[in-house]
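Following: one structure in structure tokens, then a few remarks.
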Amino acid sequence: MEVDLRSVATRDLDELDYHLKRIIAEAARATGVGFHVEKIGDRPSGMTPPEWPIVQAALEASRAIGVEAQVDMGSTDANIPISLGIPAIALGGGGSSGSIHSPQEWFDPSDRHLGIQRLLTIVAALAGMA
């Protein structure tokens, strides 16, 4: 069995890990089943504060192309640079989707051009060109 634990807070992630291991050990003892826990990956925790320039540029770029931005926290590929002290965000690529990370996941590429427009607008703003 593989279990993927994620959090934006290191303390919460450590607590989840502790409780998962405790529950596995209790269930194994109660049933007489052996187990082995092995860490197969590490996605560090962290977040880029909403007031930082990269977040503000993304919000402005979204407004400029008529897209309603959804500011949210989550575990994404942006966690790696964030953990290294590099401000980072994750952006939708345009289109729409649902049921993410499930067998029912879907993607509709309509309006996908808005994703690249937003990205280029953010890059231009952060480069001082907009």
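Residue names in the structure tokens use chain letters A, B, ... in the order shown, residue numbers from 1 in each chain, and ligand numbers from 1 in the order shown.
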
Write out as a list of chain:residue names the set of residues from range 52-112 of chain A that DSSP, computed on the backbone, places in alpha helix (DSSP H).
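Going through range 52-112 of chain A, the alpha helix (DSSP H) residues come out as A:Pro53, A:Ile54, A:Val55, A:Gln56, A:Ala57, A:Ala58, A:Leu59, A:Glu60, A:Ala61, A:Ser62, A:Arg63, A:Ala64, A:Asn79, A:Ile80, A:Pro81, A:Ile82, A:Ser83.
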
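When DSSP is run on the backbone, the residues of chain A that fall into strand (DSSP E or B) are Ser96, Ser97, Gly98, Trp106, Phe107 and Asp108 of chain A.
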
Those same residues - N, CA and C atoms - I'd like them written as a JSON list (two decimals), in the first residue's frame.
[["chain", "number", "residue", "atom", "x", "y", "z"],
["A", 96, "SER", "N", -10.62, 23.55, -18.04],
["A", 96, "SER", "CA", -11.24, 23.24, -16.75],
["A", 96, "SER", "C", -11.10, 21.75, -16.49],
["A", 97, "SER", "N", -11.20, 21.39, -15.22],
["A", 97, "SER", "CA", -10.99, 20.00, -14.84],
["A", 97, "SER", "C", -11.77, 19.69, -13.58],
["A", 98, "GLY", "N", -11.81, 18.42, -13.24],
["A", 98, "GLY", "CA", -12.49, 18.02, -12.02],
["A", 98, "GLY", "C", -12.09, 16.62, -11.61],
["A", 106, "TRP", "N", -11.09, 14.44, -15.10],
["A", 106, "TRP", "CA", -11.40, 14.87, -16.46],
["A", 106, "TRP", "C", -10.80, 16.24, -16.73],
["A", 107, "PHE", "N", -10.64, 16.55, -18.01],
["A", 107, "PHE", "CA", -10.09, 17.83, -18.44],
["A", 107, "PHE", "C", -10.80, 18.28, -19.71],
["A", 108, "ASP", "N", -11.22, 19.53, -19.74],
["A", 108, "ASP", "CA", -11.83, 20.14, -20.92],
["A", 108, "ASP", "C", -10.90, 21.27, -21.36]]

Residue contacts of Lys39 in chain A (12 Å, only C-alpha atoms) excluding same-chain residues fewer than 2 positions away, as a list in words
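Those residues are Met1, Glu2, Val3, Asp4, Leu5, Asp17, Lys21, His36, Val37, Gly41, Asp42 and Arg43 of chain A.
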
Nearby residues (only C-alpha atoms) at most 10 Å from Ile80 in chain A, same-chain spacing under 4 positions excluded, as a PDB file with all heavy atoms, in the first residue's frame:
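Output saved as selection-v9.pdb:
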ATOM      1  N   ASP A  42       9.504  12.661  -0.696  1.00  0.00           N
ATOM      2  CA  ASP A  42       9.442  13.746   0.269  1.00  0.00           C
ATOM      3  C   ASP A  42       9.040  15.013  -0.459  1.00  0.00           C
ATOM      4  O   ASP A  42       9.744  15.477  -1.364  1.00  0.00           O
ATOM      5  CB  ASP A  42      10.807  13.934   0.947  1.00  0.00           C
ATOM      6  CG  ASP A  42      10.766  14.941   2.074  1.00  0.00           C
ATOM      7  OD1 ASP A  42       9.661  15.259   2.558  1.00  0.00           O
ATOM      8  OD2 ASP A  42      11.847  15.411   2.462  1.00  0.00           O
ATOM      9  N   ARG A  43       7.896  15.549  -0.109  1.00  0.00           N
ATOM     10  CA  ARG A  43       7.450  16.820  -0.664  1.00  0.00           C
ATOM     11  C   ARG A  43       7.434  17.802   0.498  1.00  0.00           C
ATOM     12  O   ARG A  43       6.564  17.726   1.358  1.00  0.00           O
ATOM     13  CB  ARG A  43       6.070  16.704  -1.274  1.00  0.00           C
ATOM     14  CG  ARG A  43       5.654  17.982  -1.982  1.00  0.00           C
ATOM     15  CD  ARG A  43       4.295  17.850  -2.585  1.00  0.00           C
ATOM     16  NE  ARG A  43       4.279  16.832  -3.602  1.00  0.00           N
ATOM     17  CZ  ARG A  43       3.902  17.033  -4.854  1.00  0.00           C
ATOM     18  NH1 ARG A  43       3.494  18.216  -5.222  1.00  0.00           N
ATOM     19  NH2 ARG A  43       3.898  16.061  -5.721  1.00  0.00           N
ATOM     20  N   PRO A  44       8.413  18.689   0.560  1.00  0.00           N
ATOM     21  CA  PRO A  44       8.497  19.603   1.701  1.00  0.00           C
ATOM     22  C   PRO A  44       7.289  20.528   1.772  1.00  0.00           C
ATOM     23  O   PRO A  44       6.615  20.774   0.782  1.00  0.00           O
ATOM     24  CB  PRO A  44       9.782  20.384   1.437  1.00  0.00           C
ATOM     25  CG  PRO A  44      10.079  20.198   0.003  1.00  0.00           C
ATOM     26  CD  PRO A  44       9.439  18.928  -0.433  1.00  0.00           C
ATOM     27  N   SER A  45       7.051  21.026   2.970  1.00  0.00           N
ATOM     28  CA  SER A  45       5.926  21.924   3.210  1.00  0.00           C
ATOM     29  C   SER A  45       6.351  23.371   3.003  1.00  0.00           C
ATOM     30  O   SER A  45       7.539  23.685   2.968  1.00  0.00           O
ATOM     31  CB  SER A  45       5.424  21.748   4.646  1.00  0.00           C
ATOM     32  OG  SER A  45       5.037  20.423   4.856  1.00  0.00           O
ATOM     33  N   GLY A  46       5.375  24.246   2.889  1.00  0.00           N
ATOM     34  CA  GLY A  46       5.646  25.669   2.791  1.00  0.00           C
ATOM     35  C   GLY A  46       4.581  26.386   1.994  1.00  0.00           C
ATOM     36  O   GLY A  46       3.710  25.758   1.406  1.00  0.00           O
ATOM     37  N   SER A  75      -0.512  21.304  -1.754  1.00  0.00           N
ATOM     38  CA  SER A  75       0.792  20.697  -1.976  1.00  0.00           C
ATOM     39  C   SER A  75       0.970  20.515  -3.476  1.00  0.00           C
ATOM     40  O   SER A  75       0.230  19.767  -4.104  1.00  0.00           O
ATOM     41  CB  SER A  75       0.859  19.353  -1.250  1.00  0.00           C
ATOM     42  OG  SER A  75       2.109  18.754  -1.449  1.00  0.00           O
ATOM     43  N   THR A  76       1.922  21.239  -4.051  1.00  0.00           N
ATOM     44  CA  THR A  76       2.150  21.210  -5.492  1.00  0.00           C
ATOM     45  C   THR A  76       3.650  21.112  -5.763  1.00  0.00           C
ATOM     46  O   THR A  76       4.466  21.087  -4.843  1.00  0.00           O
ATOM     47  CB  THR A  76       1.623  22.497  -6.162  1.00  0.00           C
ATOM     48  OG1 THR A  76       2.461  23.597  -5.760  1.00  0.00           O
ATOM     49  CG2 THR A  76       0.185  22.784  -5.775  1.00  0.00           C
ATOM     50  N   LEU A  84      13.174  25.923  -0.572  1.00  0.00           N
ATOM     51  CA  LEU A  84      14.525  26.450  -0.754  1.00  0.00           C
ATOM     52  C   LEU A  84      14.573  27.968  -0.609  1.00  0.00           C
ATOM     53  O   LEU A  84      15.587  28.598  -0.886  1.00  0.00           O
ATOM     54  CB  LEU A  84      15.059  26.045  -2.137  1.00  0.00           C
ATOM     55  CG  LEU A  84      15.183  24.538  -2.378  1.00  0.00           C
ATOM     56  CD1 LEU A  84      15.517  24.253  -3.842  1.00  0.00           C
ATOM     57  CD2 LEU A  84      16.225  23.938  -1.455  1.00  0.00           C
ATOM     58  N   GLY A  85      13.436  28.561  -0.203  1.00  0.00           N
ATOM     59  CA  GLY A  85      13.379  30.005  -0.013  1.00  0.00           C
ATOM     60  C   GLY A  85      13.109  30.778  -1.286  1.00  0.00           C
ATOM     61  O   GLY A  85      13.286  31.992  -1.327  1.00  0.00           O
ATOM     62  N   ILE A  86      12.686  30.105  -2.345  1.00  0.00           N
ATOM     63  CA  ILE A  86      12.389  30.746  -3.623  1.00  0.00           C
ATOM     64  C   ILE A  86      10.879  30.910  -3.735  1.00  0.00           C
ATOM     65  O   ILE A  86      10.147  29.911  -3.714  1.00  0.00           O
ATOM     66  CB  ILE A  86      12.911  29.900  -4.798  1.00  0.00           C
ATOM     67  CG1 ILE A  86      14.417  29.695  -4.670  1.00  0.00           C
ATOM     68  CG2 ILE A  86      12.546  30.541  -6.137  1.00  0.00           C
ATOM     69  CD1 ILE A  86      14.983  28.635  -5.602  1.00  0.00           C
ATOM     70  N   ALA A  88       7.328  30.847  -5.057  1.00  0.00           N
ATOM     71  CA  ALA A  88       6.774  30.069  -6.164  1.00  0.00           C
ATOM     72  C   ALA A  88       5.275  29.922  -5.995  1.00  0.00           C
ATOM     73  O   ALA A  88       4.752  30.010  -4.883  1.00  0.00           O
ATOM     74  CB  ALA A  88       7.437  28.692  -6.207  1.00  0.00           C
TER      75      ALA A  88
END

What separation in Å, quoted to one decimal, exists between CA of Pro53 in chain A and CA of Ser7 in chain A?
23.2 Å

Find the spatial neighbours of Leu59 in chain A, counting only C-alpha atoms, within a cut-off of 10 Å - ignore same-chain residues fewer than 6 positions away - and output them as a PyMOL selection string.
chain A and resi 50+53+67-71+118+122

Kindly export the residues of the current selection with all heavy atoms, as a JSON list (two decimals), in the first residue's frame.
[["chain", "number", "residue", "atom", "x", "y", "z"],
["A", 50, "PRO", "N", 0.52, 35.57, 0.40],
["A", 50, "PRO", "CA", -0.29, 36.23, -0.62],
["A", 50, "PRO", "C", 0.16, 37.64, -0.97],
["A", 50, "PRO", "O", -0.11, 38.12, -2.07],
["A", 50, "PRO", "CB", -1.69, 36.26, -0.01],
["A", 50, "PRO", "CG", -1.65, 35.49, 1.24],
["A", 50, "PRO", "CD", -0.23, 35.15, 1.56],
["A", 53, "PRO", "N", 5.21, 39.64, -4.30],
["A", 53, "PRO", "CA", 5.05, 40.11, -5.68],
["A", 53, "PRO", "C", 4.60, 39.03, -6.68],
["A", 53, "PRO", "O", 3.77, 39.31, -7.55],
["A", 53, "PRO", "CB", 6.46, 40.62, -6.04],
["A", 53, "PRO", "CG", 7.03, 41.05, -4.73],
["A", 53, "PRO", "CD", 6.50, 40.06, -3.73],
["A", 67, "VAL", "N", -9.98, 36.33, -15.96],
["A", 67, "VAL", "CA", -10.08, 35.05, -15.25],
["A", 67, "VAL", "C", -10.17, 35.33, -13.76],
["A", 67, "VAL", "O", -9.41, 36.15, -13.24],
["A", 67, "VAL", "CB", -8.84, 34.16, -15.55],
["A", 67, "VAL", "CG1", -8.84, 32.92, -14.67],
["A", 67, "VAL", "CG2", -8.81, 33.79, -17.02],
["A", 68, "GLU", "N", -11.09, 34.67, -13.09],
["A", 68, "GLU", "CA", -11.20, 34.82, -11.65],
["A", 68, "GLU", "C", -10.19, 33.90, -10.97],
["A", 68, "GLU", "O", -10.28, 32.68, -11.09],
["A", 68, "GLU", "CB", -12.61, 34.46, -11.17],
["A", 68, "GLU", "CG", -12.81, 34.71, -9.69],
["A", 68, "GLU", "CD", -14.23, 34.41, -9.24],
["A", 68, "GLU", "OE1", -15.14, 34.45, -10.07],
["A", 68, "GLU", "OE2", -14.39, 34.13, -8.05],
["A", 69, "ALA", "N", -9.20, 34.49, -10.32],
["A", 69, "ALA", "CA", -8.16, 33.71, -9.66],
["A", 69, "ALA", "C", -8.69, 33.02, -8.42],
["A", 69, "ALA", "O", -9.55, 33.55, -7.73],
["A", 69, "ALA", "CB", -6.98, 34.61, -9.29],
["A", 70, "GLN", "N", -8.19, 31.84, -8.16],
["A", 70, "GLN", "CA", -8.53, 31.11, -6.95],
["A", 70, "GLN", "C", -7.27, 30.98, -6.10],
["A", 70, "GLN", "O", -6.41, 30.17, -6.40],
["A", 70, "GLN", "CB", -9.06, 29.72, -7.30],
["A", 70, "GLN", "CG", -10.33, 29.74, -8.10],
["A", 70, "GLN", "CD", -10.80, 28.35, -8.48],
["A", 70, "GLN", "OE1", -10.26, 27.35, -8.01],
["A", 70, "GLN", "NE2", -11.79, 28.29, -9.33],
["A", 71, "VAL", "N", -7.18, 31.81, -5.09],
["A", 71, "VAL", "CA", -6.03, 31.76, -4.19],
["A", 71, "VAL", "C", -6.30, 30.65, -3.18],
["A", 71, "VAL", "O", -7.29, 30.67, -2.48],
["A", 71, "VAL", "CB", -5.80, 33.10, -3.48],
["A", 71, "VAL", "CG1", -4.62, 33.02, -2.53],
["A", 71, "VAL", "CG2", -5.58, 34.20, -4.52],
["A", 118, "ARG", "N", -2.07, 34.18, -19.32],
["A", 118, "ARG", "CA", -1.84, 34.58, -17.94],
["A", 118, "ARG", "C", -0.37, 34.40, -17.56],
["A", 118, "ARG", "O", 0.24, 35.28, -16.95],
["A", 118, "ARG", "CB", -2.74, 33.78, -16.99],
["A", 118, "ARG", "CG", -2.48, 34.13, -15.54],
["A", 118, "ARG", "CD", -3.49, 33.56, -14.59],
["A", 118, "ARG", "NE", -3.66, 32.13, -14.73],
["A", 118, "ARG", "CZ", -4.47, 31.40, -13.98],
["A", 118, "ARG", "NH1", -5.19, 31.99, -13.04],
["A", 118, "ARG", "NH2", -4.58, 30.11, -14.16],
["A", 122, "ILE", "N", 2.23, 37.35, -16.35],
["A", 122, "ILE", "CA", 2.94, 37.31, -15.06],
["A", 122, "ILE", "C", 4.44, 37.48, -15.27],
["A", 122, "ILE", "O", 5.08, 38.27, -14.59],
["A", 122, "ILE", "CB", 2.66, 35.98, -14.31],
["A", 122, "ILE", "CG1", 1.18, 35.90, -13.92],
["A", 122, "ILE", "CG2", 3.55, 35.85, -13.08],
["A", 122, "ILE", "CD1", 0.74, 34.51, -13.47]]

Find the spatial neighbours of Ala125 in chain A, counting only C-alpha atoms, within a cut-off of 12 Å - ignore same-chain residues fewer than 6 positions away - and output them as a list of chain:residue names.
A:Pro53, A:Ile54, A:Val55, A:Gln56, A:Ala57, A:Ala58, A:Leu59, A:Glu60, A:Ala61, A:Ser62, A:Ala64, A:Arg118, A:Leu119

For the residues in the current selection, export N, CA, C and O atoms as a CSV table (one decimal), in the first residue's frame.
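In the end it all went to out.csv:
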chain,number,residue,atom,x,y,z
A,53,PRO,N,5.2,39.6,-4.3
A,53,PRO,CA,5.1,40.1,-5.7
A,53,PRO,C,4.6,39.0,-6.7
A,53,PRO,O,3.8,39.3,-7.6
A,54,ILE,N,5.1,37.8,-6.6
A,54,ILE,CA,4.7,36.8,-7.5
A,54,ILE,C,3.2,36.5,-7.4
A,54,ILE,O,2.5,36.3,-8.4
A,55,VAL,N,2.7,36.5,-6.2
A,55,VAL,CA,1.2,36.2,-6.0
A,55,VAL,C,0.4,37.4,-6.5
A,55,VAL,O,-0.6,37.2,-7.2
A,56,GLN,N,0.8,38.6,-6.2
A,56,GLN,CA,0.1,39.8,-6.6
A,56,GLN,C,0.2,39.9,-8.2
A,56,GLN,O,-0.8,40.3,-8.8
A,57,ALA,N,1.3,39.5,-8.8
A,57,ALA,CA,1.4,39.6,-10.2
A,57,ALA,C,0.4,38.6,-10.9
A,57,ALA,O,-0.2,38.8,-11.9
A,58,ALA,N,0.3,37.4,-10.2
A,58,ALA,CA,-0.7,36.4,-10.7
A,58,ALA,C,-2.1,36.9,-10.6
A,58,ALA,O,-2.9,36.6,-11.5
A,59,LEU,N,-2.4,37.5,-9.5
A,59,LEU,CA,-3.8,38.0,-9.3
A,59,LEU,C,-4.1,39.1,-10.4
A,59,LEU,O,-5.2,39.1,-11.0
A,60,GLU,N,-3.2,40.0,-10.6
A,60,GLU,CA,-3.3,41.1,-11.6
A,60,GLU,C,-3.4,40.5,-13.0
A,60,GLU,O,-4.3,41.0,-13.8
A,61,ALA,N,-2.6,39.6,-13.3
A,61,ALA,CA,-2.6,39.0,-14.6
A,61,ALA,C,-4.0,38.2,-14.9
A,61,ALA,O,-4.5,38.3,-16.0
A,62,SER,N,-4.4,37.6,-13.9
A,62,SER,CA,-5.7,36.9,-14.0
A,62,SER,C,-6.8,37.9,-14.3
A,62,SER,O,-7.7,37.7,-15.2
A,64,ALA,N,-6.5,40.8,-15.6
A,64,ALA,CA,-6.3,41.4,-16.9
A,64,ALA,C,-6.9,40.6,-18.1
A,64,ALA,O,-7.3,41.2,-19.1
A,118,ARG,N,-2.1,34.2,-19.3
A,118,ARG,CA,-1.8,34.6,-17.9
A,118,ARG,C,-0.4,34.4,-17.6
A,118,ARG,O,0.2,35.3,-17.0
A,119,LEU,N,0.2,33.3,-17.9
A,119,LEU,CA,1.6,33.0,-17.6
A,119,LEU,C,2.5,34.1,-18.2
A,119,LEU,O,3.4,34.6,-17.5
